[in-house]
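Structure data (TSV, N, CA and C atoms) from upload.tsv:
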```
chain	number	residue	atom	x	y	z
A	94	MET	N	-2.56	9.31	9.28
A	94	MET	CA	-1.31	9.84	8.76
A	94	MET	C	-0.10	9.13	9.35
A	95	ASP	N	-0.30	7.95	9.89
A	95	ASP	CA	0.82	7.16	10.38
A	95	ASP	C	1.80	6.87	9.26
A	96	GLU	N	1.29	6.74	8.06
A	96	GLU	CA	2.14	6.44	6.91
A	96	GLU	C	3.14	7.57	6.67
A	97	LEU	N	2.72	8.80	6.91
A	97	LEU	CA	3.64	9.94	6.76
A	97	LEU	C	4.81	9.80	7.73
A	98	GLN	N	4.52	9.51	8.97
A	98	GLN	CA	5.57	9.35	9.97
A	98	GLN	C	6.48	8.18	9.60
A	99	TYR	N	5.88	7.08	9.16
A	99	TYR	CA	6.65	5.91	8.78
A	99	TYR	C	7.66	6.26	7.69
A	100	GLN	N	7.25	7.12	6.78
A	100	GLN	CA	8.13	7.50	5.67
A	100	GLN	C	8.96	8.75	5.96
A	101	GLY	N	8.87	9.24	7.20
A	101	GLY	CA	9.68	10.39	7.60
A	101	GLY	C	9.27	11.68	6.90
A	102	MET	N	7.99	11.82	6.67
A	102	MET	CA	7.48	12.98	5.94
A	102	MET	C	6.48	13.72	6.83
A	103	ASN	N	6.35	15.02	6.63
A	103	ASN	CA	5.32	15.77	7.35
A	103	ASN	C	4.31	16.33	6.35
A	104	LEU	N	3.27	16.99	6.87
A	104	LEU	CA	2.20	17.49	6.00
A	104	LEU	C	2.69	18.55	5.01
A	105	LYS	N	3.61	19.40	5.45
A	105	LYS	CA	4.13	20.43	4.53
A	105	LYS	C	4.88	19.81	3.37
A	106	THR	N	5.69	18.80	3.67
A	106	THR	CA	6.43	18.12	2.60
A	106	THR	C	5.46	17.42	1.66
A	107	LEU	N	4.45	16.75	2.23
A	107	LEU	CA	3.45	16.08	1.40
A	107	LEU	C	2.77	17.10	0.48
A	108	SER	N	2.44	18.25	1.02
A	108	SER	CA	1.82	19.31	0.22
A	108	SER	C	2.72	19.74	-0.93
A	109	THR	N	3.98	19.96	-0.62
A	109	THR	CA	4.94	20.40	-1.64
A	109	THR	C	5.12	19.35	-2.73
A	110	VAL	N	5.30	18.11	-2.32
A	110	VAL	CA	5.58	17.04	-3.28
A	110	VAL	C	4.36	16.73	-4.16
A	111	THR	N	3.16	16.78	-3.57
A	111	THR	CA	1.96	16.45	-4.34
A	111	THR	C	1.39	17.64	-5.10
A	112	GLY	N	1.72	18.84	-4.66
A	112	GLY	CA	1.12	20.04	-5.26
A	112	GLY	C	-0.26	20.32	-4.72
A	113	ILE	N	-0.65	19.61	-3.67
A	113	ILE	CA	-1.95	19.83	-3.03
A	113	ILE	C	-1.76	20.91	-1.97
A	114	PRO	N	-2.63	21.93	-1.95
A	114	PRO	CA	-2.47	22.99	-0.95
A	114	PRO	C	-2.42	22.43	0.47
A	115	TYR	N	-1.55	23.01	1.28
A	115	TYR	CA	-1.38	22.58	2.67
A	115	TYR	C	-2.71	22.63	3.42
A	116	THR	N	-3.50	23.68	3.19
A	116	THR	CA	-4.79	23.80	3.88
A	116	THR	C	-5.75	22.67	3.50
A	117	THR	N	-5.70	22.24	2.25
A	117	THR	CA	-6.55	21.12	1.82
A	117	THR	C	-6.18	19.86	2.59
A	118	ILE	N	-4.88	19.62	2.72
A	118	ILE	CA	-4.42	18.42	3.44
A	118	ILE	C	-4.78	18.50	4.92
A	119	THR	N	-4.50	19.64	5.54
A	119	THR	CA	-4.79	19.75	6.98
A	119	THR	C	-6.29	19.74	7.26
A	120	ASN	N	-7.08	20.39	6.41
A	120	ASN	CA	-8.53	20.35	6.60
A	120	ASN	C	-9.05	18.92	6.50
A	121	GLY	N	-8.56	18.19	5.53
A	121	GLY	CA	-8.98	16.79	5.38
A	121	GLY	C	-8.56	15.94	6.55
A	122	LYS	N	-7.37	16.17	7.05
A	122	LYS	CA	-6.85	15.40	8.19
A	122	LYS	C	-7.65	15.70	9.46
A	123	ASN	N	-8.04	16.96	9.65
A	123	ASN	CA	-8.70	17.37	10.89
A	123	ASN	C	-10.20	17.12	10.92
A	124	ARG	N	-10.79	16.85	9.78
A	124	ARG	CA	-12.24	16.60	9.74
A	124	ARG	C	-12.51	15.11	9.91
A	125	GLU	N	-13.35	14.79	10.86
A	125	GLU	CA	-13.70	13.39	11.09
A	125	GLU	C	-14.48	12.85	9.89
A	126	ASN	N	-14.16	11.64	9.49
A	126	ASN	CA	-14.80	10.96	8.35
A	126	ASN	C	-14.64	11.71	7.03
A	127	SER	N	-13.58	12.48	6.92
A	127	SER	CA	-13.31	13.22	5.69
A	127	SER	C	-12.82	12.25	4.61
A	128	ILE	N	-13.36	12.39	3.41
A	128	ILE	CA	-12.95	11.56	2.28
A	128	ILE	C	-12.42	12.49	1.20
A	129	PRO	N	-11.15	12.31	0.80
A	129	PRO	CA	-10.59	13.20	-0.22
A	129	PRO	C	-11.19	12.93	-1.59
A	130	THR	N	-11.08	13.93	-2.46
A	130	THR	CA	-11.50	13.73	-3.84
A	130	THR	C	-10.58	12.69	-4.47
A	131	ALA	N	-11.00	12.11	-5.57
A	131	ALA	CA	-10.22	11.06	-6.22
A	131	ALA	C	-8.85	11.57	-6.64
A	132	ASP	N	-8.77	12.78	-7.18
A	132	ASP	CA	-7.46	13.28	-7.63
A	132	ASP	C	-6.51	13.53	-6.46
A	133	VAL	N	-7.04	14.01	-5.34
A	133	VAL	CA	-6.20	14.22	-4.15
A	133	VAL	C	-5.72	12.88	-3.60
A	134	ALA	N	-6.63	11.93	-3.48
A	134	ALA	CA	-6.26	10.59	-2.99
A	134	ALA	C	-5.23	9.94	-3.90
A	135	PHE	N	-5.40	10.09	-5.20
A	135	PHE	CA	-4.47	9.49	-6.16
A	135	PHE	C	-3.07	10.08	-6.01
A	136	LYS	N	-2.99	11.41	-5.92
A	136	LYS	CA	-1.68	12.07	-5.78
A	136	LYS	C	-0.98	11.63	-4.49
A	137	ILE	N	-1.72	11.59	-3.40
A	137	ILE	CA	-1.13	11.20	-2.12
A	137	ILE	C	-0.70	9.74	-2.14
A	138	SER	N	-1.55	8.88	-2.71
A	138	SER	CA	-1.21	7.45	-2.76
A	138	SER	C	0.05	7.20	-3.58
A	139	LYS	N	0.25	7.96	-4.64
A	139	LYS	CA	1.45	7.79	-5.47
A	139	LYS	C	2.71	8.26	-4.73
A	140	VAL	N	2.62	9.37	-4.02
A	140	VAL	CA	3.77	9.89	-3.29
A	140	VAL	C	4.13	8.95	-2.13
A	141	LEU	N	3.12	8.42	-1.45
A	141	LEU	CA	3.37	7.55	-0.30
A	141	LEU	C	3.59	6.09	-0.71
A	142	HIS	N	3.40	5.79	-1.97
A	142	HIS	CA	3.56	4.42	-2.48
A	142	HIS	C	2.62	3.44	-1.78
A	143	VAL	N	1.37	3.86	-1.63
A	143	VAL	CA	0.35	2.98	-1.05
A	143	VAL	C	-0.84	2.98	-2.00
A	144	ASN	N	-1.66	1.93	-1.94
A	144	ASN	CA	-2.84	1.94	-2.80
A	144	ASN	C	-3.91	2.83	-2.18
A	145	MET	N	-4.84	3.25	-2.99
A	145	MET	CA	-5.86	4.19	-2.54
A	145	MET	C	-6.75	3.57	-1.47
A	146	GLU	N	-6.99	2.26	-1.53
A	146	GLU	CA	-7.81	1.60	-0.53
A	146	GLU	C	-7.16	1.72	0.85
A	147	PHE	N	-5.85	1.52	0.91
A	147	PHE	CA	-5.11	1.66	2.16
A	147	PHE	C	-5.22	3.09	2.67
A	148	LEU	N	-5.02	4.03	1.78
A	148	LEU	CA	-5.06	5.44	2.13
A	148	LEU	C	-6.43	5.82	2.71
A	149	LEU	N	-7.48	5.27	2.14
A	149	LEU	CA	-8.83	5.60	2.58
A	149	LEU	C	-9.29	4.76	3.76
A	150	GLY	N	-8.40	3.88	4.24
A	150	GLY	CA	-8.71	3.08	5.42
A	150	GLY	C	-9.65	1.93	5.16
A	151	GLU	N	-9.77	1.53	3.90
A	151	GLU	CA	-10.65	0.42	3.58
A	151	GLU	C	-9.96	-0.89	3.88
A	152	ASP	N	-10.75	-1.94	4.04
A	152	ASP	CA	-10.23	-3.26	4.33
A	152	ASP	C	-9.30	-3.70	3.21
A	153	SER	N	-8.16	-4.24	3.59
A	153	SER	CA	-7.19	-4.68	2.59
A	153	SER	C	-7.43	-6.10	2.13
A	154	LYS	N	-8.54	-6.70	2.56
A	154	LYS	CA	-8.86	-8.05	2.15
A	154	LYS	C	-9.04	-8.11	0.63
A	155	MET	N	-8.59	-9.19	0.06
A	155	MET	CA	-8.68	-9.33	-1.39
A	155	MET	C	-10.15	-9.45	-1.82
A	156	PRO	N	-10.59	-8.62	-2.77
A	156	PRO	CA	-11.97	-8.71	-3.25
A	156	PRO	C	-12.27	-10.09	-3.83
A	157	ASP	N	-13.54	-10.53	-3.74
A	157	ASP	CA	-13.92	-11.85	-4.22
A	157	ASP	C	-13.57	-12.07	-5.68
A	158	GLU	N	-13.72	-11.03	-6.51
A	158	GLU	CA	-13.44	-11.21	-7.93
A	158	GLU	C	-11.96	-11.43	-8.21
A	159	ILE	N	-11.09	-11.18	-7.22
A	159	ILE	CA	-9.67	-11.39	-7.39
A	159	ILE	C	-9.20	-12.61	-6.59
A	160	ASN	N	-9.98	-13.02	-5.64
A	160	ASN	CA	-9.63	-14.14	-4.77
A	160	ASN	C	-9.44	-15.41	-5.60
A	161	PRO	N	-8.31	-16.10	-5.44
A	161	PRO	CA	-8.04	-17.29	-6.26
A	161	PRO	C	-9.06	-18.41	-6.05
A	162	ALA	N	-9.77	-18.39	-4.92
A	162	ALA	CA	-10.78	-19.42	-4.66
A	162	ALA	C	-12.08	-19.12	-5.40
A	163	SER	N	-12.21	-17.91	-5.88
A	163	SER	CA	-13.42	-17.50	-6.57
A	163	SER	C	-13.42	-18.01	-8.01
A	164	SER	N	-14.58	-18.44	-8.48
A	164	SER	CA	-14.67	-18.94	-9.85
A	164	SER	C	-14.52	-17.82	-10.87
A	165	LYS	N	-14.72	-16.56	-10.44
A	165	LYS	CA	-14.61	-15.40	-11.33
A	165	LYS	C	-13.19	-14.87	-11.40
A	166	SER	N	-12.28	-15.50	-10.69
A	166	SER	CA	-10.92	-14.97	-10.54
A	166	SER	C	-10.14	-14.95	-11.86
A	167	ASN	N	-9.47	-13.84	-12.11
A	167	ASN	CA	-8.57	-13.69	-13.25
A	167	ASN	C	-7.15	-13.62	-12.69
A	168	PRO	N	-6.27	-14.53	-13.06
A	168	PRO	CA	-4.91	-14.55	-12.49
A	168	PRO	C	-4.17	-13.22	-12.63
A	169	ASN	N	-4.36	-12.50	-13.73
A	169	ASN	CA	-3.69	-11.22	-13.92
A	169	ASN	C	-4.21	-10.16	-12.95
A	170	ASP	N	-5.51	-10.19	-12.65
A	170	ASP	CA	-6.07	-9.26	-11.67
A	170	ASP	C	-5.46	-9.50	-10.30
A	171	LYS	N	-5.28	-10.77	-9.96
A	171	LYS	CA	-4.68	-11.10	-8.67
A	171	LYS	C	-3.24	-10.58	-8.60
A	172	LYS	N	-2.47	-10.76	-9.66
A	172	LYS	CA	-1.09	-10.29	-9.68
A	172	LYS	C	-1.03	-8.77	-9.52
A	173	ILE	N	-1.88	-8.06	-10.23
A	173	ILE	CA	-1.89	-6.59	-10.14
A	173	ILE	C	-2.28	-6.15	-8.73
A	174	TYR	N	-3.28	-6.80	-8.16
A	174	TYR	CA	-3.71	-6.48	-6.81
A	174	TYR	C	-2.56	-6.69	-5.81
A	175	LEU	N	-1.90	-7.83	-5.92
A	175	LEU	CA	-0.81	-8.14	-4.98
A	175	LEU	C	0.39	-7.22	-5.18
A	176	LEU	N	0.71	-6.90	-6.42
A	176	LEU	CA	1.82	-5.97	-6.68
A	176	LEU	C	1.52	-4.60	-6.08
A	177	ASP	N	0.28	-4.15	-6.22
A	177	ASP	CA	-0.11	-2.87	-5.66
A	177	ASP	C	-0.05	-2.91	-4.14
A	178	LYS	N	-0.56	-3.99	-3.57
A	178	LYS	CA	-0.62	-4.13	-2.12
A	178	LYS	C	0.77	-4.17	-1.49
A	179	TYR	N	1.71	-4.87	-2.11
A	179	TYR	CA	3.03	-5.07	-1.53
A	179	TYR	C	4.13	-4.27	-2.23
A	180	GLU	N	3.76	-3.25	-2.97
A	180	GLU	CA	4.73	-2.49	-3.74
A	180	GLU	C	5.85	-1.93	-2.87
A	181	ARG	N	5.51	-1.31	-1.74
A	181	ARG	CA	6.53	-0.73	-0.86
A	181	ARG	C	7.50	-1.79	-0.37
A	182	PHE	N	6.98	-2.93	0.02
A	182	PHE	CA	7.83	-4.02	0.50
A	182	PHE	C	8.76	-4.49	-0.61
A	183	LEU	N	8.22	-4.67	-1.78
A	183	LEU	CA	9.02	-5.16	-2.91
A	183	LEU	C	10.11	-4.16	-3.30
A	184	LEU	N	9.78	-2.88	-3.29
A	184	LEU	CA	10.78	-1.86	-3.62
A	184	LEU	C	11.90	-1.84	-2.58
A	185	ALA	N	11.54	-1.99	-1.31
A	185	ALA	CA	12.56	-2.03	-0.26
A	185	ALA	C	13.40	-3.30	-0.38
A	186	LEU	N	12.76	-4.42	-0.66
A	186	LEU	CA	13.46	-5.69	-0.79
A	186	LEU	C	14.44	-5.66	-1.97
A	187	GLU	N	14.06	-4.96	-3.01
A	187	GLU	CA	14.90	-4.87	-4.21
A	187	GLU	C	16.24	-4.18	-3.91
A	188	THR	N	16.28	-3.35	-2.89
A	188	THR	CA	17.51	-2.66	-2.53
A	188	THR	C	18.45	-3.54	-1.69
A	189	CYS	N	17.96	-4.69	-1.25
A	189	CYS	CA	18.75	-5.59	-0.42
A	189	CYS	C	19.65	-6.48	-1.28
A	190	SER	N	20.64	-7.06	-0.64
A	190	SER	CA	21.54	-7.97	-1.34
A	190	SER	C	20.79	-9.24	-1.72
A	191	PRO	N	21.28	-9.99	-2.71
A	191	PRO	CA	20.65	-11.25	-3.08
A	191	PRO	C	20.54	-12.23	-1.90
A	192	THR	N	21.51	-12.21	-1.03
A	192	THR	CA	21.47	-13.10	0.14
A	192	THR	C	20.29	-12.75	1.04
A	193	VAL	N	20.08	-11.46	1.29
A	193	VAL	CA	18.96	-11.02	2.12
A	193	VAL	C	17.63	-11.32	1.42
A	194	GLN	N	17.58	-11.10	0.12
A	194	GLN	CA	16.36	-11.40	-0.63
A	194	GLN	C	16.00	-12.88	-0.51
A	195	GLN	N	17.00	-13.74	-0.65
A	195	GLN	CA	16.76	-15.18	-0.53
A	195	GLN	C	16.30	-15.55	0.88
A	196	ALA	N	16.88	-14.90	1.88
A	196	ALA	CA	16.48	-15.16	3.26
A	196	ALA	C	15.01	-14.79	3.48
A	197	PHE	N	14.59	-13.65	2.92
A	197	PHE	CA	13.19	-13.26	3.03
A	197	PHE	C	12.28	-14.26	2.33
A	198	MET	N	12.68	-14.73	1.17
A	198	MET	CA	11.88	-15.72	0.45
A	198	MET	C	11.72	-17.00	1.26
A	199	ARG	N	12.84	-17.49	1.83
A	199	ARG	CA	12.77	-18.71	2.65
A	199	ARG	C	11.86	-18.49	3.86
A	200	MET	N	11.99	-17.32	4.49
A	200	MET	CA	11.17	-17.02	5.65
A	200	MET	C	9.69	-16.98	5.26
A	201	ALA	N	9.36	-16.34	4.17
A	201	ALA	CA	7.97	-16.26	3.72
A	201	ALA	C	7.43	-17.65	3.39
A	202	GLU	N	8.23	-18.47	2.74
A	202	GLU	CA	7.80	-19.83	2.40
A	202	GLU	C	7.58	-20.66	3.66
A	203	ASP	N	8.48	-20.52	4.65
A	203	ASP	CA	8.33	-21.25	5.91
A	203	ASP	C	7.08	-20.82	6.67
A	204	ILE	N	6.86	-19.52	6.72
A	204	ILE	CA	5.65	-19.01	7.39
A	204	ILE	C	4.41	-19.50	6.69
A	205	SER	N	4.43	-19.48	5.36
A	205	SER	CA	3.29	-19.95	4.59
A	205	SER	C	3.00	-21.43	4.86
A	206	LYS	N	4.03	-22.24	4.96
A	206	LYS	CA	3.86	-23.67	5.26
A	206	LYS	C	3.24	-23.85	6.63
A	207	ASP	N	3.71	-23.07	7.61
A	207	ASP	CA	3.21	-23.20	8.98
A	207	ASP	C	1.73	-22.83	9.08
A	208	THR	N	1.29	-21.86	8.30
A	208	THR	CA	-0.11	-21.45	8.38
A	208	THR	C	-1.03	-22.44	7.67
A	209	LYS	N	-0.51	-23.23	6.76
A	209	LYS	CA	-1.31	-24.23	6.04
A	209	LYS	C	-1.48	-25.51	6.84
A	210	GLU	N	-0.56	-25.76	7.76
A	210	GLU	CA	-0.60	-27.02	8.52
A	210	GLU	C	-1.54	-26.94	9.69
```

structure tokens encoding of this file:
Amino acid sequence: MDELQYQGMNLKTLSTVTGIPYTTITNGKNRENSIPTADVAFKISKVLHVNMEFLLGEDSKMPDEINPASSKSNPNDKKIYLLDKYERFLLALETCSPTVQQAFMRMAEDISKDTKE
């Protein structure tokens, strides 16, 4: 539930916003290895603006069928995967001035170049 703290939200607010009973959320949080039902996970992921894989603690590595190095890769699948993965960042960046947006782009391009060398 670090994501809740990051977004300045508590369990009661999450319950209210999602319509999921507070006891359902707290029971799931307090049970070790608890996995929410698909509808609960979907509602929470939409409110927190995270993908369901992140919410469930799964590896965020790009699946082989989406990996650009894979022969099975579909460019549209990769775009959807990346948009979902970085949605929060993109929404926050969109609120910045064009100057700040350009600075982030240059920084990302520079970092990308450094990791390739």

Give me, please, the distance in Å between CA of Lys178 in chain A and CA of Lys105 in chain A, quoted to one decimal.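 Result for CA of Lys178 in chain A versus CA of Lys105 in chain A: 25.9 Å, one decimal.
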
Any idea what the distance is between CA of Lys136 in chain A and CA of Glu180 in chain A?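 Here the two named atoms are 16.0 Å from each other.
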
Could you please determine the separation between atom C of His142 in chain A and atom C of Arg181 in chain A in Å, to one decimal place? 7.3 Å

Long-range neighbours of Val140 in chain A as a PyMOL selection string, 8 Å cut-off, only N, CA and C atoms, 4 positions minimum in chain: chain A and resi 107+110-111+134-136

Export N, CA and C atoms of the chosen residues as a compact mmCIF listing (two decimals), in the frame of the given file?
```txt
# COMPACT_ATOMS: atom_id res chain seq x y z
N LEU A 107 4.45 16.75 2.23
CA LEU A 107 3.45 16.08 1.40
C LEU A 107 2.77 17.10 0.48
N VAL A 110 5.30 18.11 -2.32
CA VAL A 110 5.58 17.04 -3.28
C VAL A 110 4.36 16.73 -4.16
N THR A 111 3.16 16.78 -3.57
CA THR A 111 1.96 16.45 -4.34
C THR A 111 1.39 17.64 -5.10
N ALA A 134 -6.63 11.93 -3.48
CA ALA A 134 -6.26 10.59 -2.99
C ALA A 134 -5.23 9.94 -3.90
N PHE A 135 -5.40 10.09 -5.20
CA PHE A 135 -4.47 9.49 -6.16
C PHE A 135 -3.07 10.08 -6.01
N LYS A 136 -2.99 11.41 -5.92
CA LYS A 136 -1.68 12.07 -5.78
C LYS A 136 -0.98 11.63 -4.49
```
